[in-house]
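**Student:** Below you'll find entry-v9.txt; it's compact mmCIF, C-alpha atoms.
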# COMPACT_ATOMS: atom_id res chain seq x y z
CA MET A 1 83.43 1.82 7.56
CA HIS A 2 79.83 2.96 7.47
CA ALA A 3 78.41 4.77 4.49
CA ALA A 4 75.42 7.01 5.24
CA GLU A 5 73.24 4.18 6.63
CA LEU A 6 71.75 6.63 9.08
CA SER A 7 68.34 6.29 10.69
CA PRO A 8 66.66 7.87 13.73
CA ALA A 9 67.34 4.67 15.71
CA VAL A 10 71.06 4.67 14.79
CA LEU A 11 71.36 8.35 15.67
CA ALA A 12 69.65 7.77 19.03
CA GLU A 13 72.14 5.01 19.84
CA LEU A 14 75.06 7.27 18.90
CA ARG A 15 73.69 10.08 21.10
CA ARG A 16 73.58 8.07 24.32
CA PRO A 17 76.16 9.04 26.98
CA ARG A 18 79.45 7.15 27.00
CA ARG A 19 82.00 6.61 29.74
CA TYR A 20 84.52 9.44 29.60
CA PRO A 21 86.55 9.86 27.44
CA ALA A 22 84.44 9.65 24.26
CA VAL A 23 86.60 10.92 21.39
CA SER A 24 85.25 12.34 18.12
CA VAL A 25 87.64 12.99 15.23
CA LEU A 26 86.23 14.83 12.20
CA LEU A 27 88.06 15.28 8.90
CA PRO A 28 86.91 16.91 5.65
CA THR A 29 87.84 14.44 2.88
CA HIS A 30 88.11 14.63 -0.90
CA ARG A 31 86.80 12.34 -3.62
CA SER A 32 89.50 12.95 -6.23
CA GLU A 33 93.08 13.96 -6.90
CA PRO A 34 95.03 16.05 -6.20
CA GLU A 35 93.06 17.20 -3.11
CA ASN A 36 92.79 13.71 -1.62
CA SER A 37 96.57 13.19 -1.56
CA GLN A 38 96.83 15.14 1.71
CA ASP A 39 93.90 13.42 3.46
CA PRO A 40 96.02 10.61 5.04
CA VAL A 41 98.45 13.16 6.51
CA ARG A 42 95.64 15.32 7.91
CA LEU A 43 93.97 12.25 9.40
CA ARG A 44 97.18 11.08 11.11
CA ASN A 45 97.68 14.57 12.54
CA LEU A 46 94.14 14.74 13.96
CA VAL A 47 94.39 11.27 15.52
CA ALA A 48 97.77 12.23 17.00
CA GLU A 49 96.13 15.36 18.47
CA ALA A 50 93.39 13.18 19.99
CA LYS A 51 95.97 10.86 21.58
CA ASN A 52 97.95 13.81 22.93
CA ARG A 53 94.82 15.20 24.56
CA LEU A 54 94.13 11.83 26.18
CA HIS A 55 97.69 11.68 27.54
CA ALA A 56 97.42 15.23 28.92
CA ASP A 57 93.98 14.72 30.50
CA GLU A 58 94.38 13.90 34.21
CA ALA A 59 90.72 12.82 34.39
CA VAL A 60 91.50 9.81 32.15
CA SER A 61 92.79 6.68 33.86
CA ARG A 62 95.76 4.83 32.34
CA ALA A 63 93.56 1.82 31.51
CA ASP A 64 90.96 3.94 29.72
CA ARG A 65 93.65 5.90 27.88
CA LEU A 66 95.25 2.71 26.57
CA ASP A 67 91.81 1.34 25.65
CA VAL A 68 90.73 4.43 23.66
CA VAL A 69 94.14 4.76 21.96
CA GLU A 70 93.77 1.14 20.85
CA GLN A 71 90.22 1.86 19.60
CA LEU A 72 91.54 4.81 17.56
CA ASP A 73 94.23 2.60 16.02
CA ARG A 74 91.65 -0.05 15.15
CA ALA A 75 89.42 2.61 13.58
CA LEU A 76 92.31 3.81 11.41
CA THR A 77 92.67 0.32 9.89
CA GLU A 78 89.02 0.57 8.73
CA VAL A 79 89.32 3.97 7.09
CA ASP A 80 89.15 3.82 3.29
CA LEU A 81 90.35 7.17 1.96
CA VAL A 82 90.62 5.78 -1.58
CA HIS A 83 86.81 5.72 -1.76
CA ALA A 84 86.28 8.77 0.45
CA GLU A 85 83.19 10.95 0.27
CA ASP A 86 83.14 14.50 1.66
CA GLY A 87 83.51 13.93 5.38
CA LEU A 88 84.98 11.34 7.74
CA VAL A 89 83.93 10.86 11.37
CA ILE A 90 85.70 8.54 13.84
CA PHE A 91 84.21 7.79 17.25
CA ALA A 92 86.21 6.02 19.97
CA ALA A 93 85.35 5.36 23.62
CA PRO A 94 86.29 2.65 26.11
CA GLY A 95 85.40 -0.67 24.48
CA GLU A 96 84.16 0.68 21.12
CA TYR A 97 84.90 2.58 17.94
CA GLN A 98 82.97 3.53 14.79
CA VAL A 99 83.96 5.00 11.43
CA TRP A 100 81.45 6.97 9.36
CA SER A 101 81.82 8.30 5.81
CA LEU A 102 79.47 11.18 5.01
CA PRO A 103 78.35 12.68 1.68
CA ARG A 104 78.77 16.21 3.04
CA PRO A 105 81.74 18.21 4.37
CA VAL A 106 82.61 18.34 8.07
CA PRO A 107 84.99 20.72 9.89
CA ALA A 108 88.37 19.39 11.05
CA ARG A 109 87.85 18.86 14.80
CA VAL A 110 88.86 16.74 17.76
CA VAL A 111 86.42 16.66 20.69
CA VAL A 112 86.82 14.75 23.97
CA SER A 113 83.62 14.52 25.99
CA ASP A 114 81.17 12.04 27.53
CA THR A 115 79.15 11.83 24.30
CA PHE A 116 80.07 11.53 20.64
CA LEU A 117 79.82 14.59 18.39
CA THR A 118 76.81 13.57 16.31
CA ARG A 119 75.50 16.83 14.86
CA ASN A 120 77.30 16.25 11.53
CA LEU A 121 75.61 12.85 11.23
CA VAL A 122 72.28 14.47 12.08
CA ALA A 123 72.94 17.04 9.33
CA ALA A 124 73.84 14.27 6.87
CA HIS A 125 70.62 12.44 7.76
CA ALA A 126 68.57 15.62 7.32
CA GLY A 127 70.37 16.57 4.10
CA GLY A 128 70.00 13.05 2.76
CA ALA A 129 66.23 13.11 3.15
CA PRO A 130 64.91 10.51 0.68
CA PHE A 131 62.92 11.40 -2.44
CA TRP A 132 61.41 9.68 -5.47
CA VAL A 133 62.07 10.37 -9.15
CA LEU A 134 59.61 9.10 -11.77
CA THR A 135 60.72 9.07 -15.41
CA VAL A 136 57.98 8.81 -18.04
CA ALA A 137 58.36 7.95 -21.72
CA ALA A 138 55.93 6.58 -24.31
CA ASP A 139 57.05 3.01 -23.68
CA ARG A 140 58.26 2.98 -20.07
CA ALA A 141 57.78 4.51 -16.62
CA ALA A 142 60.61 3.94 -14.15
CA LEU A 143 60.95 4.90 -10.49
CA PHE A 144 64.17 5.82 -8.69
CA GLY A 145 64.83 6.28 -4.99
CA GLY A 146 67.15 9.14 -4.11
CA SER A 147 69.02 10.26 -1.01
CA GLY A 148 71.55 13.07 -1.04
CA THR A 149 73.49 12.66 -4.28
CA THR A 150 72.75 8.96 -4.80
CA LEU A 151 69.95 7.53 -6.93
CA VAL A 152 69.00 3.86 -7.33
CA GLU A 153 66.30 2.37 -9.55
CA HIS A 154 63.35 1.03 -7.55
CA THR A 155 62.27 -2.36 -8.87
CA GLY A 156 59.13 -3.40 -7.06
CA GLY A 157 55.57 -2.27 -6.54
CA GLY A 158 54.94 -2.73 -10.25
CA PHE A 159 57.97 -0.74 -11.43
CA PRO A 160 59.28 -0.41 -14.02
CA VAL A 161 56.04 -0.24 -16.01
CA ASP A 162 56.68 -1.18 -19.65
CA HIS A 163 54.33 -0.44 -22.54
CA VAL A 164 55.15 -2.65 -25.50
CA ARG A 165 53.16 -2.87 -28.72
CA PRO A 166 53.95 -4.22 -32.20
CA ASP A 167 56.27 -2.25 -34.49
CA TRP A 168 56.96 0.35 -31.83
CA ASP A 169 59.94 2.46 -32.77
CA VAL A 170 60.12 5.37 -30.39
CA GLU A 171 63.59 6.43 -31.56
CA ARG A 172 62.36 6.64 -35.16
CA GLN A 173 59.34 8.63 -34.06
CA GLU A 174 61.60 11.01 -32.15
CA ARG A 175 63.73 11.46 -35.27
CA ILE A 176 60.76 12.33 -37.49
CA GLY A 177 59.14 14.49 -34.84
CA ASP A 178 56.03 12.35 -34.40
CA VAL A 179 56.30 11.77 -30.64
CA PRO A 180 53.16 13.71 -29.63
CA SER A 181 50.97 11.26 -31.54
CA THR A 182 52.21 8.45 -29.31
CA PHE A 183 50.46 10.12 -26.40
CA ARG A 184 47.03 10.30 -28.04
CA ASP A 185 45.92 6.68 -28.25
CA GLU A 186 43.89 4.86 -25.60
CA GLU A 187 46.55 2.17 -25.05
CA THR A 188 49.04 4.80 -23.95
CA ARG A 189 46.46 6.39 -21.65
CA ARG A 190 45.90 2.98 -20.01
CA PHE A 191 49.66 2.47 -19.67
CA LEU A 192 50.13 5.85 -17.98
CA ARG A 193 47.10 5.25 -15.77
CA SER A 194 48.63 1.98 -14.54
CA ALA A 195 51.93 3.78 -13.90
CA ASP A 196 50.09 6.44 -11.88
CA THR A 197 48.25 3.76 -9.88
CA ALA A 198 51.54 1.99 -9.08
CA LEU A 199 53.07 5.33 -8.07
CA ALA A 200 50.13 6.09 -5.75
CA ALA A 201 50.66 2.75 -3.97
CA VAL A 202 54.40 3.42 -3.53
CA LEU A 203 53.72 6.91 -2.14
CA GLU A 204 51.11 5.50 0.22
CA ALA A 205 53.70 3.08 1.64
CA ASP A 206 56.63 5.53 1.63
CA ASN A 207 55.63 9.15 1.20
CA ARG A 208 58.63 11.20 0.02
CA PRO A 209 59.00 14.33 -2.12
CA LEU A 210 58.45 13.37 -5.76
CA PHE A 211 60.08 14.64 -8.96
CA VAL A 212 58.60 13.67 -12.34
CA LEU A 213 60.66 13.83 -15.54
CA GLY A 214 59.47 13.29 -19.09
CA GLU A 215 58.48 14.92 -22.37
CA ALA A 216 55.90 17.68 -22.02
CA ALA A 217 53.26 15.57 -23.79
CA ALA A 218 53.84 12.65 -21.41
CA LEU A 219 53.67 14.86 -18.32
CA SER A 220 50.47 16.48 -19.56
CA LEU A 221 48.74 13.14 -20.22
CA LEU A 222 49.96 11.68 -16.92
CA ASP A 223 48.33 14.60 -15.08
CA GLU A 224 45.17 14.06 -17.12
CA VAL A 225 44.73 10.34 -16.43
CA GLY A 226 45.82 10.16 -12.76
CA GLY A 227 46.38 12.06 -9.56
CA ALA A 228 49.57 10.76 -7.95
CA ALA A 229 52.01 12.60 -10.22
CA LYS A 230 50.22 15.90 -9.50
CA ARG A 231 51.69 15.70 -5.99
CA ALA A 232 55.19 16.20 -7.40
CA ALA A 233 57.45 18.82 -5.85
CA ALA A 234 58.52 19.54 -9.44
CA GLN A 235 57.85 18.31 -12.95
CA VAL A 236 60.76 18.61 -15.36
CA SER A 237 60.14 18.57 -19.11
CA ARG A 238 62.96 16.36 -20.32
CA GLY A 239 62.80 13.63 -22.97
CA GLY A 240 65.01 10.65 -23.70
CA LEU A 241 65.01 9.22 -20.16
CA GLY A 242 62.76 6.20 -20.69
CA HIS A 243 65.65 3.73 -20.45
CA ALA A 244 68.24 6.04 -18.88
CA SER A 245 70.69 4.93 -16.20
CA ALA A 246 70.35 6.06 -12.60
CA ALA A 247 73.37 8.32 -13.10
CA ALA A 248 71.77 10.05 -16.11
CA VAL A 249 68.49 10.52 -14.23
CA ALA A 250 70.37 11.88 -11.20
CA GLU A 251 72.06 14.47 -13.41
CA ALA A 252 68.75 15.40 -15.05
CA VAL A 253 66.96 15.94 -11.72
CA ARG A 254 69.86 17.56 -9.85
CA ALA A 255 68.85 21.18 -10.49
CA ALA A 256 65.22 20.53 -9.49
CA VAL A 257 66.29 18.84 -6.22
CA ALA A 258 68.66 21.74 -5.44
CA GLU A 259 65.89 24.26 -6.13
CA GLN A 260 63.55 22.34 -3.83
CA GLY A 261 66.25 22.51 -1.12
CA ARG A 262 66.51 26.28 -1.55
CA ARG A 263 62.72 26.60 -1.34
CA ALA A 264 62.74 24.57 1.88
CA VAL A 265 65.30 26.95 3.43
CA THR A 266 63.19 29.96 2.37
CA GLU A 267 60.08 28.39 3.92
CA LEU A 268 62.06 27.74 7.08
CA GLN A 269 63.11 31.41 7.25
CA GLU A 270 59.45 32.43 6.80
CA ARG A 271 58.48 30.12 9.67
CA LEU A 272 61.10 31.75 11.89
CA ASP A 273 59.77 35.20 10.95
CA GLN A 274 56.22 34.12 11.80
CA ALA A 275 57.35 32.69 15.15
CA GLN A 276 59.15 35.93 15.95
CA GLY A 277 55.98 37.86 15.14
CA VAL A 278 54.01 35.97 17.80
CA LYS A 279 56.91 35.92 20.30
CA GLY A 280 57.40 32.18 19.74
CA LEU A 281 61.05 32.34 18.74
CA ALA A 282 64.26 31.71 20.66
CA ALA A 283 67.45 33.04 19.05
CA GLY A 284 71.10 32.64 19.96
CA MET A 285 72.72 29.73 21.79
CA ASP A 286 71.68 30.71 25.33
CA GLU A 287 67.97 31.24 24.51
CA VAL A 288 67.79 28.09 22.40
CA TRP A 289 69.55 26.04 25.09
CA GLN A 290 67.03 27.26 27.69
CA SER A 291 64.03 26.43 25.49
CA VAL A 292 65.40 23.01 24.50
CA SER A 293 66.20 22.17 28.14
CA GLU A 294 62.57 22.97 29.04
CA GLY A 295 61.26 20.84 26.15
CA ARG A 296 59.63 23.89 24.54
CA ALA A 297 61.41 23.76 21.17
CA ALA A 298 59.41 22.35 18.24
CA VAL A 299 62.01 23.09 15.54
CA VAL A 300 65.68 23.93 16.03
CA VAL A 301 67.49 25.54 13.10
CA VAL A 302 71.30 25.64 13.07
CA GLU A 303 73.82 27.06 10.63
CA GLU A 304 76.09 24.45 9.08
CA ASP A 305 79.26 23.92 11.13
CA TYR A 306 78.37 26.50 13.78
CA TRP A 307 80.09 25.79 17.08
CA GLU A 308 81.20 28.01 19.89
CA PRO A 309 82.94 27.12 23.18
CA VAL A 310 80.93 28.27 26.19
CA ARG A 311 80.92 28.11 29.96
CA VAL A 312 77.74 27.68 32.02
CA THR A 313 77.53 30.62 34.44
CA ASP A 314 74.44 31.28 36.62
CA ASN A 315 72.47 28.89 34.41
CA HIS A 316 73.35 30.85 31.26
CA LEU A 317 75.80 30.13 28.47
CA VAL A 318 78.70 32.56 28.22
CA PRO A 319 81.26 32.46 25.36
CA ALA A 320 84.66 31.29 26.63
CA PRO A 321 88.09 30.39 25.19
CA ALA A 322 88.36 26.77 24.06
CA GLY A 323 90.53 24.48 26.14
CA GLU A 324 90.01 26.18 29.49
CA PRO A 325 88.64 24.21 32.46
CA ASP A 326 84.84 23.72 32.51
CA VAL A 327 84.51 25.01 28.93
CA ARG A 328 82.11 23.01 26.75
CA GLU A 329 83.27 22.94 23.15
CA ASP A 330 80.32 20.96 21.86
CA MET A 331 77.30 22.82 23.28
CA VAL A 332 75.65 23.11 19.86
CA ASP A 333 75.92 19.34 19.59
CA GLU A 334 74.38 18.99 23.07
CA ILE A 335 71.51 21.26 22.01
CA VAL A 336 70.92 19.20 18.87
CA GLU A 337 70.96 15.97 20.87
CA ARG A 338 68.60 17.28 23.56
CA ALA A 339 66.26 18.69 20.92
CA LEU A 340 66.01 15.32 19.17
CA ASP A 341 65.50 13.52 22.48
CA THR A 342 62.54 15.82 23.28
CA GLY A 343 60.91 15.20 19.89
CA ALA A 344 61.95 18.46 18.22
CA LYS A 345 62.88 18.57 14.56
CA VAL A 346 66.44 19.76 13.78
CA GLN A 347 67.24 21.41 10.46
CA PHE A 348 70.44 22.88 9.08
CA VAL A 349 70.84 25.93 6.84
CA PRO A 350 73.86 27.36 4.98
CA THR A 351 76.41 29.36 6.97
CA GLY A 352 75.32 33.00 7.27
CA ASP A 353 71.58 32.36 6.89
CA LEU A 354 70.98 32.91 10.62
CA ALA A 355 73.49 35.71 11.13
CA SER A 356 70.78 38.04 12.50
CA ARG A 357 69.55 35.36 14.92
CA GLY A 358 72.84 34.37 16.56
CA ARG A 359 73.43 31.46 14.13
CA ILE A 360 70.94 29.21 15.94
CA ALA A 361 67.19 29.60 16.50
CA ALA A 362 64.17 27.64 17.66
CA VAL A 363 60.44 27.76 16.96
CA LEU A 364 58.71 27.25 20.31
CA ARG A 365 55.76 24.98 21.08
CA TYR A 366 54.34 27.43 23.62
Represent the structure contained in this file as structure tokens.

**Tutor:**
Amino acid sequence: MHAAELSPAVLAELRRPRRYPAVSVLLPTHRSEPENSQDPVRLRNLVAEAKNRLHADEAVSRADRLDVVEQLDRALTEVDLVHAEDGLVIFAAPGEYQVWSLPRPVPARVVVSDTFLTRNLVAAHAGGAPFWVLTVAADRAALFGGSGTTLVEHTGGGFPVDHVRPDWDVERQERIGDVPSTFRDEETRRFLRSADTALAAVLEADNRPLFVLGEAAALSLLDEVGGAAKRAAAQVSRGGLGHASAAAVAEAVRAAVAEQGRRAVTELQERLDQAQGVKGLAAGMDEVWQSVSEGRAAVVVVEEDYWEPVRVTDNHLVPAPAGEPDVREDMVDEIVERALDTGAKVQFVPTGDLASRGRIAAVLRY
């Protein structure tokens, strides 16, 4: 069972066409009781639905049906609902299966096609964009790597940077309110300068959004002695994190990361407005599909969990009832896949944010 070990290369491999039938089973899962008690039942029901569709599909040979049913059964033995995250995705096709656990919700769906339904994995990859968190105290600077809701201390590249001197008692100084004085001596300036230099090297090798946490005096001096920390997406004035666990740091930075995500969505909306102003915007599934098919889309923006069954009529997409012949249930997924294959960037926004643009839009290259 995969955790979110997603990368552009992995996503590209998952996007490639499969021999029909390629089955995708999606289930929203729960991390704790009592909600998770029903997850096994829901999963069994969805897999049963997938098998029923295979049995009813005259386009599937008996050999392929038996193969994919066996792949689904093998996938079920790998599912670990005890340690579930927020979404489960099972892929099964002739000769293969995969199980993915995602740190974000997915809709309950069963799709049978000639490709796997990957847009939820693409969304998880986009939503799990990595970032750095630097914590600064008078005696220590530590660096953490974050992705989604997880945070792990980064030990390497000079981190953590410790500043030890005789008779140092930071806790006592905090108790008697003398912390600011610890940020006035030259030794501390040198320590923070070395931390900033190490940070600059890490950012040079792996440039991610940066969040810096520490007491106001530490943040001020860090800005004064170096330049790397000034590139932070946010600085959070918060003491007592010098030797904090990754979990404590994750909690301390959570609001700042969420705010940065909201700012990114706002900037994305502004970019769509600008594109519309210069007639460089496609809106709605049909327009976006046309632009992506022509390789003209630079950025495709999709509402979370938007999907709509359509039929291709006279080279246009027309909404159609799901389950009818020639109806494509996963056209949004096809658009996302084609966009990525043509080098476009795909970003997801909360449901309702693109209501005035048909729930999907694209900024055009020309």

**Student:** Between A:Tyr366, A:Phe116, A:Phe131, A:Tyr97, which one has atoms that come closest to Val278 of chain A, using all atoms listed in the file?

**Tutor:**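 For Val278 of chain A, the nearest of the given residues is A:Tyr366.
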
**Student:** Which residues are close to Gly280 of chain A, i.e. within 12 Å by only C-alpha atoms, leaving aside same-chain residues fewer than 5 positions away? Reply as a ChimeraX atom specification.

**Tutor:** /A:271-275,287-288,291,296-299,361-366

**Student:** What's around Ala255 of chain A at 12 Å? Count all atoms listed in the file, leave out sequence neighbours fewer than 4 positions away in its own chain, and write the answer as a list in words.

**Tutor:**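 Using all atoms listed in the file, the neighbours found are Thr149, Phe211, Ala234, Gln235, Val236, Val249, Ala250, Glu251, Glu259, Gln260, Gly261 and Arg262 of chain A.
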
**Student:** For each of A:Val152, A:Ala93, A:Val106, A:Leu222, take the minimum atom-to-atom distance to Ala123 of chain A, counting all atoms listed in the file, then give the residue where this is smallest.

**Tutor:** A:Val106

**Student:** Need the shell around Val136 of chain A: protein/DNA/RNA residues with any atom at most 7 Å away, counting only C-alpha atoms. Skip same-chain ones fewer than 5 positions apart. Format as a VMD selection string?

**Tutor:** chain A and resid 141 to 142 213 to 214 218 242

**Student:** Using all atoms listed in the file for the distances, tell me which of A:Val25, A:Ala59, A:Leu281, A:Val310 is nearest to Glu324 of chain A.

**Tutor:**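 Going through A:Val25, A:Ala59, A:Leu281, A:Val310 one by one, the smallest distance to Glu324 of chain A is for A:Val310.
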
**Student:** Which residue, A:Leu26, A:Val68, A:Val312, A:Ala200, has the smallest gap to Val89 of chain A when you use all atoms listed in the file?

**Tutor:**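 Comparing A:Leu26, A:Val68, A:Val312, A:Ala200 against Val89 of chain A, the winner is A:Leu26.
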
**Student:** Using only C-alpha atoms for the distances, tell me which of A:Glu303, A:Glu78, A:Glu204, A:Glu186 is nearest to Ser356 of chain A.

**Tutor:** A:Glu303

**Student:** How many Å separate atom CA of Leu46 of chain A from atom CA of Val23 of chain A?

**Tutor:**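 Computed distance, atom CA of Leu46 of chain A to atom CA of Val23 of chain A, equals 11.3 Å.
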
**Student:** Using all atoms listed in the file, which residue out of A:Gln71, A:Thr150, A:Ser194, A:Gln290 lies closest to Leu317 of chain A?

**Tutor:**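 Counting all atoms listed in the file, the residue closest to Leu317 of chain A is A:Gln290.
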
**Student:** Could you give me, as a PyMOL selection string, the residues within 10 Å of Arg16 of chain A, counting only C-alpha atoms and dropping anything in the same chain fewer than 6 positions from it?

**Tutor:** chain A and resi 114-116+337+341

**Student:** Output C-alpha atoms of each residue in that selection to a file, as a CSV table (one decimal), keeping the file's coordinate frame.

**Tutor:**
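Okay, selection18.csv is ready:
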chain,number,residue,atom,x,y,z
A,114,ASP,CA,81.2,12.0,27.5
A,115,THR,CA,79.2,11.8,24.3
A,116,PHE,CA,80.1,11.5,20.6
A,337,GLU,CA,71.0,16.0,20.9
A,341,ASP,CA,65.5,13.5,22.5

**Student:** Got a sec: who's within 7 Å of Pro350 of chain A, counting all atoms listed in the file, leaving out chain neighbours fewer than 2 positions off, as JSON, numbers by chain?

**Tutor:** {"A": [303, 304, 348, 352, 353]}

**Student:** One decimal, in Å: what's the spacing between atom CA of Arg338 of chain A and atom CA of Ser293 of chain A?

**Tutor:**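 Atom CA of Arg338 of chain A sits 7.1 Å away from atom CA of Ser293 of chain A.
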
**Student:** What are the centre and edge lengths in Å, to one decimal, of the axis-aligned box around all listed atoms of segment 101-108 of chain A with 6 Å added on each side, as lines of an AutoDock Vina configuration file?

**Tutor:**
center_x = 83.4
center_y = 14.5
center_z = 6.4
size_x = 22.0
size_y = 24.4
size_z = 21.4

**Student:** How many Å lie between atom CA of Pro8 of chain A and atom CA of Gly343 of chain A, rounded to one decimal?

**Tutor:** 11.2 Å

**Student:** Could you check which residues have any atom within 10 Å of (55.4, 4.3, -9.0), counting only C-alpha atoms with coordinates taken straight from the file, and then list them as an mmCIF file with C-alpha atoms, in the coordinates of the input?

**Tutor:**
data_model
loop_
_atom_site.group_PDB
_atom_site.id
_atom_site.type_symbol
_atom_site.label_atom_id
_atom_site.label_comp_id
_atom_site.auth_asym_id
_atom_site.auth_seq_id
_atom_site.Cartn_x
_atom_site.Cartn_y
_atom_site.Cartn_z
ATOM 1 C CA TRP A 132 61.410 9.680 -5.470
ATOM 2 C CA VAL A 133 62.070 10.370 -9.150
ATOM 3 C CA LEU A 134 59.610 9.100 -11.770
ATOM 4 C CA THR A 135 60.720 9.070 -15.410
ATOM 5 C CA ALA A 141 57.780 4.510 -16.620
ATOM 6 C CA ALA A 142 60.610 3.940 -14.150
ATOM 7 C CA LEU A 143 60.950 4.900 -10.490
ATOM 8 C CA PHE A 144 64.170 5.820 -8.690
ATOM 9 C CA HIS A 154 63.350 1.030 -7.550
ATOM 10 C CA THR A 155 62.270 -2.360 -8.870
ATOM 11 C CA GLY A 156 59.130 -3.400 -7.060
ATOM 12 C CA GLY A 157 55.570 -2.270 -6.540
ATOM 13 C CA GLY A 158 54.940 -2.730 -10.250
ATOM 14 C CA PHE A 159 57.970 -0.740 -11.430
ATOM 15 C CA PRO A 160 59.280 -0.410 -14.020
ATOM 16 C CA VAL A 161 56.040 -0.240 -16.010
ATOM 17 C CA SER A 194 48.630 1.980 -14.540
ATOM 18 C CA ALA A 195 51.930 3.780 -13.900
ATOM 19 C CA ASP A 196 50.090 6.440 -11.880
ATOM 20 C CA THR A 197 48.250 3.760 -9.880
ATOM 21 C CA ALA A 198 51.540 1.990 -9.080
ATOM 22 C CA LEU A 199 53.070 5.330 -8.070
ATOM 23 C CA ALA A 200 50.130 6.090 -5.750
ATOM 24 C CA ALA A 201 50.660 2.750 -3.970
ATOM 25 C CA VAL A 202 54.400 3.420 -3.530
ATOM 26 C CA LEU A 203 53.720 6.910 -2.140
ATOM 27 C CA ALA A 228 49.570 10.760 -7.950
ATOM 28 C CA ALA A 229 52.010 12.600 -10.220
#

**Student:** Because the input lacks atoms here, generate N, CA, C and O atoms for segment 202-214 of chain A and report them as a CSV table (one decimal), keeping the file's coordinate frame.

**Tutor:**
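What ended up in rebuild.csv:
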chain,number,residue,atom,x,y,z
A,202,VAL,N,53.1,3.2,-4.1
A,202,VAL,CA,54.4,3.4,-3.5
A,202,VAL,C,54.4,4.6,-2.6
A,202,VAL,O,55.0,4.6,-1.5
A,203,LEU,N,53.8,5.7,-3.0
A,203,LEU,CA,53.7,6.9,-2.1
A,203,LEU,C,52.9,6.7,-0.9
A,203,LEU,O,53.2,7.2,0.2
A,204,GLU,N,51.9,5.8,-1.0
A,204,GLU,CA,51.1,5.5,0.2
A,204,GLU,C,52.0,4.8,1.2
A,204,GLU,O,51.9,5.0,2.5
A,205,ALA,N,52.8,3.9,0.7
A,205,ALA,CA,53.7,3.1,1.6
A,205,ALA,C,54.9,3.9,2.1
A,205,ALA,O,55.4,3.6,3.2
A,206,ASP,N,55.4,4.8,1.3
A,206,ASP,CA,56.6,5.5,1.6
A,206,ASP,C,56.5,6.9,1.0
A,206,ASP,O,57.0,7.2,-0.1
A,207,ASN,N,55.9,7.8,1.7
A,207,ASN,CA,55.6,9.2,1.2
A,207,ASN,C,56.9,10.0,1.3
A,207,ASN,O,57.4,10.4,2.3
A,208,ARG,N,57.5,10.3,0.1
A,208,ARG,CA,58.6,11.2,0.0
A,208,ARG,C,58.3,12.3,-1.0
A,208,ARG,O,57.4,12.1,-1.8
A,209,PRO,N,59.1,13.4,-1.0
A,209,PRO,CA,59.0,14.3,-2.1
A,209,PRO,C,59.2,13.6,-3.5
A,209,PRO,O,60.0,12.7,-3.6
A,210,LEU,N,58.4,14.0,-4.5
A,210,LEU,CA,58.4,13.4,-5.8
A,210,LEU,C,58.9,14.3,-6.9
A,210,LEU,O,58.4,15.5,-6.9
A,211,PHE,N,59.7,13.9,-7.8
A,211,PHE,CA,60.1,14.6,-9.0
A,211,PHE,C,59.7,13.8,-10.2
A,211,PHE,O,60.0,12.6,-10.2
A,212,VAL,N,59.0,14.4,-11.1
A,212,VAL,CA,58.6,13.7,-12.3
A,212,VAL,C,59.3,14.3,-13.6
A,212,VAL,O,59.3,15.5,-13.8
A,213,LEU,N,59.9,13.4,-14.4
A,213,LEU,CA,60.7,13.8,-15.5
A,213,LEU,C,60.1,13.1,-16.8
A,213,LEU,O,59.9,11.9,-16.8
A,214,GLY,N,59.9,13.9,-17.8
A,214,GLY,CA,59.5,13.3,-19.1
A,214,GLY,C,59.2,14.4,-20.1
A,214,GLY,O,59.3,15.6,-19.8
